[in-house]
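To be precise, the following lines are target.txt, and they hold compact mmCIF, C-alpha atoms and all ligand atoms.
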# COMPACT_ATOMS: atom_id res chain seq x y z
CA MET A 1 0.00 0.00 0.00
CA SER A 2 1.42 3.40 -0.90
CA LEU A 3 1.77 6.04 1.80
CA PRO A 4 -0.36 9.19 1.55
CA LYS A 5 1.26 12.19 -0.13
CA LYS A 6 3.49 14.14 2.23
CA THR A 7 2.70 17.76 3.11
CA ARG A 8 5.30 20.16 1.73
CA VAL A 9 6.72 22.13 4.65
CA ALA A 10 9.01 25.17 4.76
CA ILE A 11 10.92 25.92 7.94
CA LEU A 12 11.68 29.59 8.63
CA ILE A 13 14.63 30.36 10.88
CA SER A 14 16.76 33.28 12.01
CA GLY A 15 19.45 31.53 14.02
CA ARG A 16 21.14 28.24 14.86
CA GLY A 17 18.14 26.13 13.85
CA SER A 18 18.23 23.40 16.47
CA ASN A 19 14.46 22.96 16.28
CA MET A 20 14.76 22.88 12.49
CA VAL A 21 17.26 20.02 12.80
CA SER A 22 14.93 18.07 15.08
CA VAL A 23 12.13 18.39 12.52
CA ILE A 24 14.43 17.48 9.60
CA GLU A 25 15.56 14.38 11.49
CA ALA A 26 12.01 13.31 12.31
CA ALA A 27 10.93 13.88 8.71
CA LYS A 28 13.42 11.24 7.54
CA ALA A 29 11.05 8.53 8.77
CA PRO A 30 9.23 7.01 5.79
CA ASP A 31 5.86 7.36 7.50
CA TYR A 32 6.36 10.98 8.66
CA PRO A 33 3.51 12.97 7.07
CA ALA A 34 5.60 15.99 6.08
CA GLU A 35 8.55 16.55 3.80
CA ILE A 36 10.84 19.48 4.52
CA ALA A 37 11.01 21.07 1.08
CA LEU A 38 12.59 24.43 1.90
CA VAL A 39 14.41 26.35 4.62
CA LEU A 40 14.38 30.15 4.55
CA SER A 41 16.12 32.63 6.81
CA ASN A 42 15.71 36.38 7.05
CA ARG A 43 19.36 36.51 8.12
CA PRO A 44 22.13 35.45 5.73
CA ASP A 45 24.38 34.63 8.71
CA ALA A 46 21.93 32.19 10.34
CA GLY A 47 23.88 29.07 11.35
CA GLY A 48 20.89 26.90 10.52
CA LEU A 49 21.22 27.56 6.77
CA ALA A 50 24.40 25.50 6.53
CA ARG A 51 22.86 22.76 8.67
CA ALA A 52 19.86 22.57 6.31
CA ALA A 53 22.09 22.50 3.23
CA GLU A 54 24.13 19.67 4.81
CA ALA A 55 20.88 17.76 5.15
CA GLY A 56 20.30 18.25 1.43
CA ILE A 57 17.42 20.69 1.81
CA PRO A 58 17.15 23.77 -0.41
CA ALA A 59 18.05 26.63 1.94
CA ARG A 60 18.47 30.30 1.32
CA ALA A 61 18.31 33.70 2.93
CA ILE A 62 15.93 36.49 2.05
CA ASP A 63 17.66 39.34 3.83
CA HIS A 64 15.00 41.55 5.41
CA THR A 65 17.42 44.49 5.59
CA LEU A 66 17.31 44.76 1.78
CA PHE A 67 13.58 45.53 1.76
CA ALA A 68 12.05 48.95 2.23
CA SER A 69 9.03 47.74 4.17
CA ARG A 70 7.72 44.81 6.16
CA GLU A 71 5.12 44.23 3.43
CA SER A 72 7.69 44.01 0.62
CA PHE A 73 9.80 41.53 2.60
CA ASP A 74 6.72 39.44 3.36
CA ALA A 75 5.77 39.50 -0.33
CA ALA A 76 9.20 38.09 -1.27
CA LEU A 77 8.83 35.41 1.39
CA ASP A 78 5.34 34.56 0.16
CA ALA A 79 6.57 34.30 -3.44
CA ALA A 80 9.41 31.94 -2.43
CA LEU A 81 7.00 29.74 -0.47
CA ARG A 82 4.49 29.54 -3.31
CA GLU A 83 7.18 28.91 -5.91
CA ALA A 84 8.32 25.90 -3.90
CA GLY A 85 4.76 24.60 -3.60
CA ILE A 86 4.77 24.96 0.19
CA GLU A 87 1.58 23.92 1.97
CA LEU A 88 2.58 24.43 5.61
CA VAL A 89 4.99 26.93 7.21
CA CYS A 90 6.88 26.01 10.35
CA LEU A 91 8.51 28.86 12.27
CA ALA A 92 11.54 27.75 14.27
CA GLY A 93 13.23 30.67 15.91
CA PHE A 94 12.15 33.08 13.17
CA MET A 95 12.64 36.49 14.73
CA ARG A 96 10.59 38.73 12.44
CA ILE A 97 7.08 39.96 12.98
CA PHE A 98 4.85 39.46 9.92
CA SER A 99 2.41 41.89 8.39
CA ALA A 100 -1.22 40.99 9.08
CA GLY A 101 -1.72 40.26 5.37
CA PHE A 102 0.97 37.58 5.36
CA VAL A 103 -0.44 35.93 8.47
CA GLU A 104 -3.94 35.97 7.00
CA ALA A 105 -2.69 34.45 3.73
CA TRP A 106 -1.20 31.51 5.69
CA ALA A 107 -3.91 31.27 8.36
CA GLY A 108 -4.28 27.69 9.55
CA ARG A 109 -1.16 26.75 7.59
CA MET A 110 1.54 28.33 9.77
CA VAL A 111 2.76 27.11 13.16
CA ASN A 112 5.36 28.33 15.64
CA ILE A 113 7.20 27.05 18.70
CA HIS A 114 7.47 29.40 21.65
CA PRO A 115 9.64 28.76 24.72
CA SER A 116 7.00 29.16 27.44
CA LEU A 117 3.70 27.68 28.51
CA LEU A 118 1.49 30.15 26.69
CA PRO A 119 -0.47 32.25 27.40
CA LEU A 120 2.20 33.02 30.00
CA PHE A 121 5.30 34.90 28.92
CA ARG A 122 4.78 36.05 25.38
CA GLY A 123 7.55 37.83 23.48
CA THR A 124 11.24 37.46 24.22
CA HIS A 125 13.30 36.57 27.33
CA THR A 126 10.73 33.99 28.34
CA HIS A 127 13.06 32.15 30.72
CA GLU A 128 13.87 35.38 32.57
CA GLN A 129 10.15 36.12 32.67
CA ALA A 130 9.41 32.68 34.15
CA LEU A 131 12.10 33.05 36.83
CA GLN A 132 10.89 36.54 37.64
CA ALA A 133 7.30 35.31 38.02
CA GLY A 134 8.41 32.44 40.27
CA VAL A 135 6.47 29.73 38.43
CA ARG A 136 7.45 26.17 39.36
CA LEU A 137 6.60 24.72 35.94
CA HIS A 138 7.73 26.20 32.64
CA GLY A 139 7.98 24.81 29.13
CA CYS A 140 7.17 25.29 25.48
CA THR A 141 4.15 25.62 23.23
CA VAL A 142 3.44 24.84 19.58
CA HIS A 143 0.65 27.04 18.27
CA TYR A 144 -0.97 28.31 15.12
CA VAL A 145 0.20 31.79 14.14
CA VAL A 146 -2.33 34.63 14.29
CA PRO A 147 -1.67 38.35 13.80
CA GLU A 148 -1.31 38.95 17.55
CA LEU A 149 2.15 37.83 18.69
CA ASP A 150 2.27 34.44 20.49
CA ALA A 151 -1.50 34.45 20.88
CA GLY A 152 -2.57 31.72 18.44
CA PRO A 153 -4.55 28.57 19.23
CA ILE A 154 -2.43 26.02 21.09
CA ILE A 155 -1.65 22.68 19.45
CA ALA A 156 0.68 21.11 22.04
CA GLN A 157 2.72 21.92 25.13
CA ALA A 158 5.51 20.34 27.15
CA ALA A 159 6.34 21.27 30.74
CA VAL A 160 9.53 21.10 32.78
CA PRO A 161 10.13 21.91 36.45
CA VAL A 162 11.86 25.12 37.44
CA LEU A 163 14.60 24.06 39.87
CA THR A 164 16.10 25.91 42.79
CA GLY A 165 19.19 27.68 41.56
CA ASP A 166 18.05 27.85 37.93
CA ASP A 167 19.20 30.76 35.84
CA PRO A 168 17.84 31.64 32.38
CA ASP A 169 20.47 29.49 30.66
CA SER A 170 19.90 26.36 32.75
CA LEU A 171 16.16 26.74 32.28
CA ALA A 172 16.56 27.29 28.53
CA ASP A 173 18.69 24.12 28.34
CA ARG A 174 15.93 22.11 30.02
CA VAL A 175 13.17 23.59 27.84
CA ILE A 176 14.96 23.17 24.49
CA VAL A 177 15.29 19.41 25.05
CA GLN A 178 11.49 19.26 25.19
CA GLU A 179 11.11 21.63 22.22
CA HIS A 180 13.06 19.16 20.12
CA LYS A 181 10.67 16.36 21.12
CA LEU A 182 7.44 18.33 20.95
CA TYR A 183 7.79 20.17 17.64
CA PRO A 184 8.21 17.12 15.37
CA LYS A 185 5.20 15.46 17.02
CA ALA A 186 3.00 18.56 16.80
CA LEU A 187 4.01 19.19 13.20
CA ALA A 188 3.14 15.61 12.28
CA LEU A 189 -0.30 16.09 13.77
CA VAL A 190 -0.87 19.27 11.77
CA ALA A 191 0.66 17.96 8.54
CA SER A 192 -1.55 14.88 8.63
CA GLY A 193 -4.65 17.00 9.05
CA GLN A 194 -5.37 15.73 12.57
CA ALA A 195 -5.30 19.13 14.26
CA PRO A 196 -6.82 21.67 11.88
CA LEU A 197 -7.70 25.20 12.87
CA LYS A 198 -11.47 25.65 12.91
CA ASN A 199 -13.28 28.76 14.12
CA GLY A 200 -10.21 29.93 16.02
CA ARG A 201 -9.71 26.61 17.88
CA VAL A 202 -7.67 23.50 17.22
CA ASP A 203 -10.09 20.78 16.17
CA PHE A 204 -8.38 17.53 17.18
CA ALA A 205 -9.40 14.51 15.15
CA ALA A 206 -8.69 12.10 17.99
CA ALA A 207 -8.26 12.17 21.76
CA GLN A 208 -4.74 13.17 22.69
CA GLY A 209 -2.76 10.37 24.29
CA ALA A 210 -0.58 11.84 27.06
CA LYS A 211 -1.17 10.31 30.48
CA GLY A 212 -0.18 11.41 33.94
CA ALA A 213 0.95 14.80 35.18
CA LEU A 214 4.17 16.63 35.78
CA HIS A 215 4.57 17.88 39.36
CA SER A 216 7.25 20.35 40.33
CA LEU A 217 7.88 18.28 43.49
C1 LIG B 1 13.65 28.32 20.48
O1 LIG B 1 13.75 28.43 21.88
C2 LIG B 1 12.25 28.59 20.03
O2 LIG B 1 11.28 28.18 20.95
C3 LIG B 1 12.23 30.08 19.90
O3 LIG B 1 13.49 30.43 19.42
C4 LIG B 1 14.43 29.43 19.78
C5 LIG B 1 15.06 28.94 18.50
O4 LIG B 1 16.12 28.07 18.73
N1 LIG B 1 11.13 30.51 19.08
P1 LIG B 1 16.71 27.22 17.54
O5 LIG B 1 17.16 28.18 16.46
O6 LIG B 1 15.63 26.30 17.06
O7 LIG B 1 17.86 26.47 18.12

If you took the structure in this file and wrote it as structure tokens, what would it be?
Ligand code: GRF
Amino acid sequence: MSLPKKTRVAILISGRGSNMVSVIEAAKAPDYPAEIALVLSNRPDAGGLARAAEAGIPARAIDHTLFASRESFDAALDAALREAGIELVCLAGFMRIFSAGFVEAWAGRMVNIHPSLLPLFRGTHTHEQALQAGVRLHGCTVHYVVPELDAGPIIAQAAVPVLTGDDPDSLADRVIVQEHKLYPKALALVASGQAPLKNGRVDFAAAQGAKGALHSL
């Protein structure tokens, strides 16, 4: 029996691309529902570009500094995605805010990973924010992208304890391990059509399987 057609995914990065690598690795499995067809960076110096190229994936930069406006940069991005036949966009440390038009054009077809348990700690410096707030559990969230930053419907989350003596770096190290596990799983769910966006909510096709709870003690 032949496998169903794979969803063509583009990963957008701005930096080292460790989440990108975790998705590329997962997508090597024959039964993974997505194929990573393109990697784009808004920064030519992003370390992840070389890592994508090493993995044999078409990778290039579209340097946002060469565009006069946010809209013109987004239009170039949109053209590159469409040219490559991309069906689903996966943001992995992409540090540019999109115009509302771009987000609307990809509504329900663009996901992001954020290093906090949303809706807590939107924006940047999430590990500092978590330590400052004194939460005992922290983590990461995969969500659909909507025009409001880090406010989209939540697809999946992973939690880690905040330990006595943690600093932002030690907390980030604990969270990123879970990011690398969560993102490939969440992307598979979306790419296979099992978690579509419907009326502003994630409409899961099946009951989610996680059992048990994570306690900070
Ligand atoms: C990750 O912590 C991700 O959650 C956030 O940016 C960071 C990117 O790291 N959006 P990497 O480039 O995937 O290593």

Mind running chain A against ligand LIG 1 (chain B) at 9 Å and telling me each contacting residue's nearest atom pair with the distance in Å (one decimal), counting all atoms listed in the file, chain and number ascending, as a tab-separated table?
residue	atom	partner	partner_atom	distance
A:Ile13	CA	B:LIG1	O5	6.5
A:Ser14	CA	B:LIG1	O5	6.8
A:Gly15	CA	B:LIG1	O5	4.7
A:Arg16	CA	B:LIG1	O5	4.3
A:Gly17	CA	B:LIG1	O5	3.5
A:Ser18	CA	B:LIG1	O7	3.5
A:Asn19	CA	B:LIG1	O6	3.6
A:Met20	CA	B:LIG1	O6	5.8
A:Val21	CA	B:LIG1	O6	7.8
A:Ser22	CA	B:LIG1	O6	8.5
A:Ala46	CA	B:LIG1	O5	8.7
A:Gly47	CA	B:LIG1	O5	8.5
A:Gly48	CA	B:LIG1	O5	7.1
A:Leu91	CA	B:LIG1	N1	7.5
A:Ala92	CA	B:LIG1	O6	5.2
A:Gly93	CA	B:LIG1	O3	3.5
A:Phe94	CA	B:LIG1	N1	6.5
A:Met95	CA	B:LIG1	N1	7.5
A:Asn112	CA	B:LIG1	N1	7.1
A:Ile113	CA	B:LIG1	O2	4.8
A:His114	CA	B:LIG1	O2	4.1
A:Pro115	CA	B:LIG1	O2	4.2
A:Ser116	CA	B:LIG1	O2	7.8
A:Thr124	CA	B:LIG1	C3	8.6
A:Cys140	CA	B:LIG1	O2	6.8
A:Thr141	CA	B:LIG1	O2	7.9
A:Val142	CA	B:LIG1	O2	8.6
A:Ala172	CA	B:LIG1	O1	7.3
A:Val175	CA	B:LIG1	O1	7.7
A:Ile176	CA	B:LIG1	O1	6.0
A:Glu179	CA	B:LIG1	O2	6.7
A:His180	CA	B:LIG1	O6	8.2

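Taking atom CA of A:Ala75 and atom CA of A:Leu40 as the two end points, the separation is 13.6 Å.
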
- Query: Closest to A:Pro33 among A:Leu49, A:Ala188, A:Leu214, A:Leu131, using only C-alpha atoms?
  - Reply: A:Ala188

Kindly provide, as lines of an AutoDock Vina configuration file, the centre and edge lengths (Å, one decimal) of an axis-aligned box around all atoms of stretch 16-26 of chain A given in the file, with 8 Å on each side.
center_x = 16.6
center_y = 20.8
center_z = 13.0
size_x = 25.1
size_y = 30.9
size_z = 22.9

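In this model, the gap between atom CA of A:Ala186 and atom CA of A:Val111 comes to 9.3 Å.
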
- Task: Enter the distance from atom CA of A:Leu187 to atom CA of A:Glu35, in Å, rounded to one decimal.
- Result: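 For atom CA of A:Leu187 relative to atom CA of A:Glu35, the distance reads 10.8 Å.
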
- With only C-alpha atoms as the basis for distance, which of A:Pro147, A:Gly85, A:Gly139, A:Pro196 is at the shortest distance from A:Ala159? A:Gly139

- Counting all atoms listed in the file, the residue among A:Lys211, A:Lys6, A:Lys181, A:His143 that lies closest to A:Tyr32 is A:Lys6

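Omitting A:Ser41 and its sequence neighbours fewer than 2 positions away, and counting all atoms listed in the file, the residues within 7 Å are A:Leu12, A:Ile13, A:Ser14, A:Val39, A:Arg43, A:Pro44, A:Ala46, A:Arg60, A:Ala61, A:Ile62.
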
Write to file, as a PDB file, in the coordinates of the input, the residues of the selection just made, with C-alpha atoms.
ATOM      1  CA  LEU A  12      11.680  29.590   8.630  1.00  0.00           C
ATOM      2  CA  ILE A  13      14.630  30.360  10.880  1.00  0.00           C
ATOM      3  CA  SER A  14      16.760  33.280  12.010  1.00  0.00           C
ATOM      4  CA  VAL A  39      14.410  26.350   4.620  1.00  0.00           C
ATOM      5  CA  ARG A  43      19.360  36.510   8.120  1.00  0.00           C
ATOM      6  CA  PRO A  44      22.130  35.450   5.730  1.00  0.00           C
ATOM      7  CA  ALA A  46      21.930  32.190  10.340  1.00  0.00           C
ATOM      8  CA  ARG A  60      18.470  30.300   1.320  1.00  0.00           C
ATOM      9  CA  ALA A  61      18.310  33.700   2.930  1.00  0.00           C
ATOM     10  CA  ILE A  62      15.930  36.490   2.050  1.00  0.00           C
TER      11      ILE A  62
END

- Task: Using only C-alpha atoms, pick whichever of A:Val146, A:Ala133, A:Leu88, A:Ala29 has the shortest atom-to-atom distance to A:Phe102.
- Result: A:Val146

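Using all atoms listed in the file, the smallest distance between any of A:Ala151, A:Leu217, A:Val202, A:Leu77 and A:Arg136 comes from A:Leu217.
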
- Task: Return the single residue from A:Asp173, A:Val160, A:Phe98, A:Arg82 that is closest to A:Leu117, with distances computed using only C-alpha atoms.
- Result: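 When distances to A:Leu117 are compared using only C-alpha atoms, the smallest one comes from A:Val160.
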
- Query: Could you pull the residues within 8 Å of A:Met110, counting all atoms listed in the file, minus those fewer than 2 positions along the same chain, as a list in words?
  - Reply: Leu88, Val89, Cys90, Leu91, Val103, Trp106, Ala107, Gly108, Asn112, Tyr144 and Val145 of chain A

- Task: May I have the residues at most 10 Å from (11.5, 26.3, -1.1) in the file's coordinates, counting all atoms listed in the file, as a list of chain:residue names?
- Result: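 The distance filter leaves exactly A:Arg8, A:Val9, A:Ala10, A:Ile11, A:Ile36, A:Ala37, A:Leu38, A:Val39, A:Leu40, A:Ile57, A:Pro58, A:Ala59, A:Arg60, A:Leu77, A:Ala79, A:Ala80, A:Leu81, A:Arg82, A:Glu83, A:Ala84, A:Gly85, A:Ile86.
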
- Task: Please check which residues have atoms at most 9 Å from (4.8, 38.9, 4.4) in the file's coordinates, counting all atoms listed in the file, and write them as a PyMOL selection string.
- Result: chain A and resi 70-78+97-103+105

- Message: When you look at A:Leu189 with a cut-off of 10 Å (counting only C-alpha atoms), what residues show up, excluding the ones that are within fewer than 5 positions of it in the same chain? I need them as a ChimeraX atom specification.
- Response: /A:32-34,155-156,183-184,194-196,204-205

Those residues with C-alpha atoms, as a PDB file, in the frame of the given file please?
ATOM      1  CA  TYR A  32       6.360  10.980   8.660  1.00  0.00           C
ATOM      2  CA  PRO A  33       3.510  12.970   7.070  1.00  0.00           C
ATOM      3  CA  ALA A  34       5.600  15.990   6.080  1.00  0.00           C
ATOM      4  CA  ILE A 155      -1.650  22.680  19.450  1.00  0.00           C
ATOM      5  CA  ALA A 156       0.680  21.110  22.040  1.00  0.00           C
ATOM      6  CA  TYR A 183       7.790  20.170  17.640  1.00  0.00           C
ATOM      7  CA  PRO A 184       8.210  17.120  15.370  1.00  0.00           C
ATOM      8  CA  GLN A 194      -5.370  15.730  12.570  1.00  0.00           C
ATOM      9  CA  ALA A 195      -5.300  19.130  14.260  1.00  0.00           C
ATOM     10  CA  PRO A 196      -6.820  21.670  11.880  1.00  0.00           C
ATOM     11  CA  PHE A 204      -8.380  17.530  17.180  1.00  0.00           C
ATOM     12  CA  ALA A 205      -9.400  14.510  15.150  1.00  0.00           C
TER      13      ALA A 205
END

Your completed stretch 60-71 of chain A with all heavy atoms, as a compact mmCIF listing (two decimals), in the coordinates of the input:
# COMPACT_ATOMS: atom_id res chain seq x y z
N ARG A 60 17.92 29.01 1.73
CA ARG A 60 18.47 30.30 1.32
C ARG A 60 17.98 31.42 2.22
O ARG A 60 16.97 31.28 2.93
CB ARG A 60 18.17 30.60 -0.14
CG ARG A 60 16.73 30.86 -0.47
CD ARG A 60 16.64 31.06 -1.99
NE ARG A 60 15.28 31.23 -2.43
CZ ARG A 60 14.72 32.41 -2.66
NH1 ARG A 60 15.39 33.52 -2.49
NH2 ARG A 60 13.46 32.47 -3.07
N ALA A 61 18.70 32.53 2.15
CA ALA A 61 18.31 33.70 2.93
C ALA A 61 17.56 34.69 2.05
O ALA A 61 17.86 34.84 0.87
CB ALA A 61 19.56 34.37 3.50
N ILE A 62 16.56 35.31 2.65
CA ILE A 62 15.93 36.49 2.05
C ILE A 62 16.16 37.57 3.09
O ILE A 62 15.51 37.60 4.14
CB ILE A 62 14.43 36.26 1.76
CG1 ILE A 62 14.26 35.08 0.79
CG2 ILE A 62 13.81 37.53 1.19
CD1 ILE A 62 12.82 34.74 0.45
N ASP A 63 17.16 38.39 2.83
CA ASP A 63 17.66 39.34 3.83
C ASP A 63 16.67 40.49 4.01
O ASP A 63 16.48 41.32 3.12
CB ASP A 63 19.02 39.86 3.32
CG ASP A 63 19.68 40.79 4.32
OD1 ASP A 63 19.03 41.20 5.29
OD2 ASP A 63 20.87 41.10 4.10
N HIS A 64 16.06 40.54 5.20
CA HIS A 64 15.00 41.55 5.41
C HIS A 64 15.55 42.98 5.35
O HIS A 64 14.81 43.91 5.07
CB HIS A 64 14.26 41.31 6.73
CG HIS A 64 15.08 41.61 7.94
ND1 HIS A 64 15.88 40.67 8.55
CD2 HIS A 64 15.24 42.74 8.65
CE1 HIS A 64 16.48 41.21 9.59
NE2 HIS A 64 16.12 42.47 9.67
N THR A 65 16.86 43.13 5.58
CA THR A 65 17.42 44.49 5.59
C THR A 65 17.45 45.10 4.18
O THR A 65 17.65 46.30 4.02
CB THR A 65 18.84 44.52 6.18
OG1 THR A 65 19.71 43.77 5.33
CG2 THR A 65 18.88 43.95 7.58
N LEU A 66 17.27 44.26 3.16
CA LEU A 66 17.31 44.76 1.78
C LEU A 66 15.94 45.23 1.30
O LEU A 66 15.80 45.64 0.14
CB LEU A 66 17.84 43.67 0.84
CG LEU A 66 19.22 43.11 1.20
CD1 LEU A 66 19.63 42.01 0.23
CD2 LEU A 66 20.27 44.23 1.21
N PHE A 67 14.94 45.15 2.17
CA PHE A 67 13.58 45.53 1.76
C PHE A 67 13.17 46.82 2.46
O PHE A 67 13.50 47.04 3.63
CB PHE A 67 12.60 44.41 2.08
CG PHE A 67 12.83 43.18 1.24
CD1 PHE A 67 13.79 42.25 1.59
CD2 PHE A 67 12.10 42.99 0.07
CE1 PHE A 67 14.02 41.13 0.80
CE2 PHE A 67 12.32 41.88 -0.73
CZ PHE A 67 13.29 40.95 -0.37
N ALA A 68 12.42 47.64 1.72
CA ALA A 68 12.05 48.95 2.23
C ALA A 68 10.95 48.87 3.28
O ALA A 68 10.82 49.75 4.13
CB ALA A 68 11.61 49.85 1.08
N SER A 69 10.15 47.82 3.23
CA SER A 69 9.03 47.74 4.17
C SER A 69 8.81 46.30 4.59
O SER A 69 9.27 45.35 3.93
CB SER A 69 7.74 48.25 3.51
OG SER A 69 7.38 47.36 2.47
N ARG A 70 8.10 46.14 5.68
CA ARG A 70 7.72 44.81 6.16
C ARG A 70 6.90 44.08 5.08
O ARG A 70 7.09 42.90 4.81
CB ARG A 70 6.88 44.97 7.44
CG ARG A 70 6.70 43.72 8.24
CD ARG A 70 6.02 44.00 9.57
NE ARG A 70 6.83 44.78 10.49
CZ ARG A 70 7.87 44.32 11.19
NH1 ARG A 70 8.24 43.07 11.05
NH2 ARG A 70 8.55 45.10 12.00
N GLU A 71 6.00 44.83 4.44
CA GLU A 71 5.12 44.23 3.43
C GLU A 71 5.91 43.70 2.23
O GLU A 71 5.61 42.63 1.70
CB GLU A 71 4.07 45.24 2.95
CG GLU A 71 2.95 45.51 3.94
CD GLU A 71 3.39 46.32 5.16
OE1 GLU A 71 4.47 46.99 5.09
OE2 GLU A 71 2.70 46.27 6.19
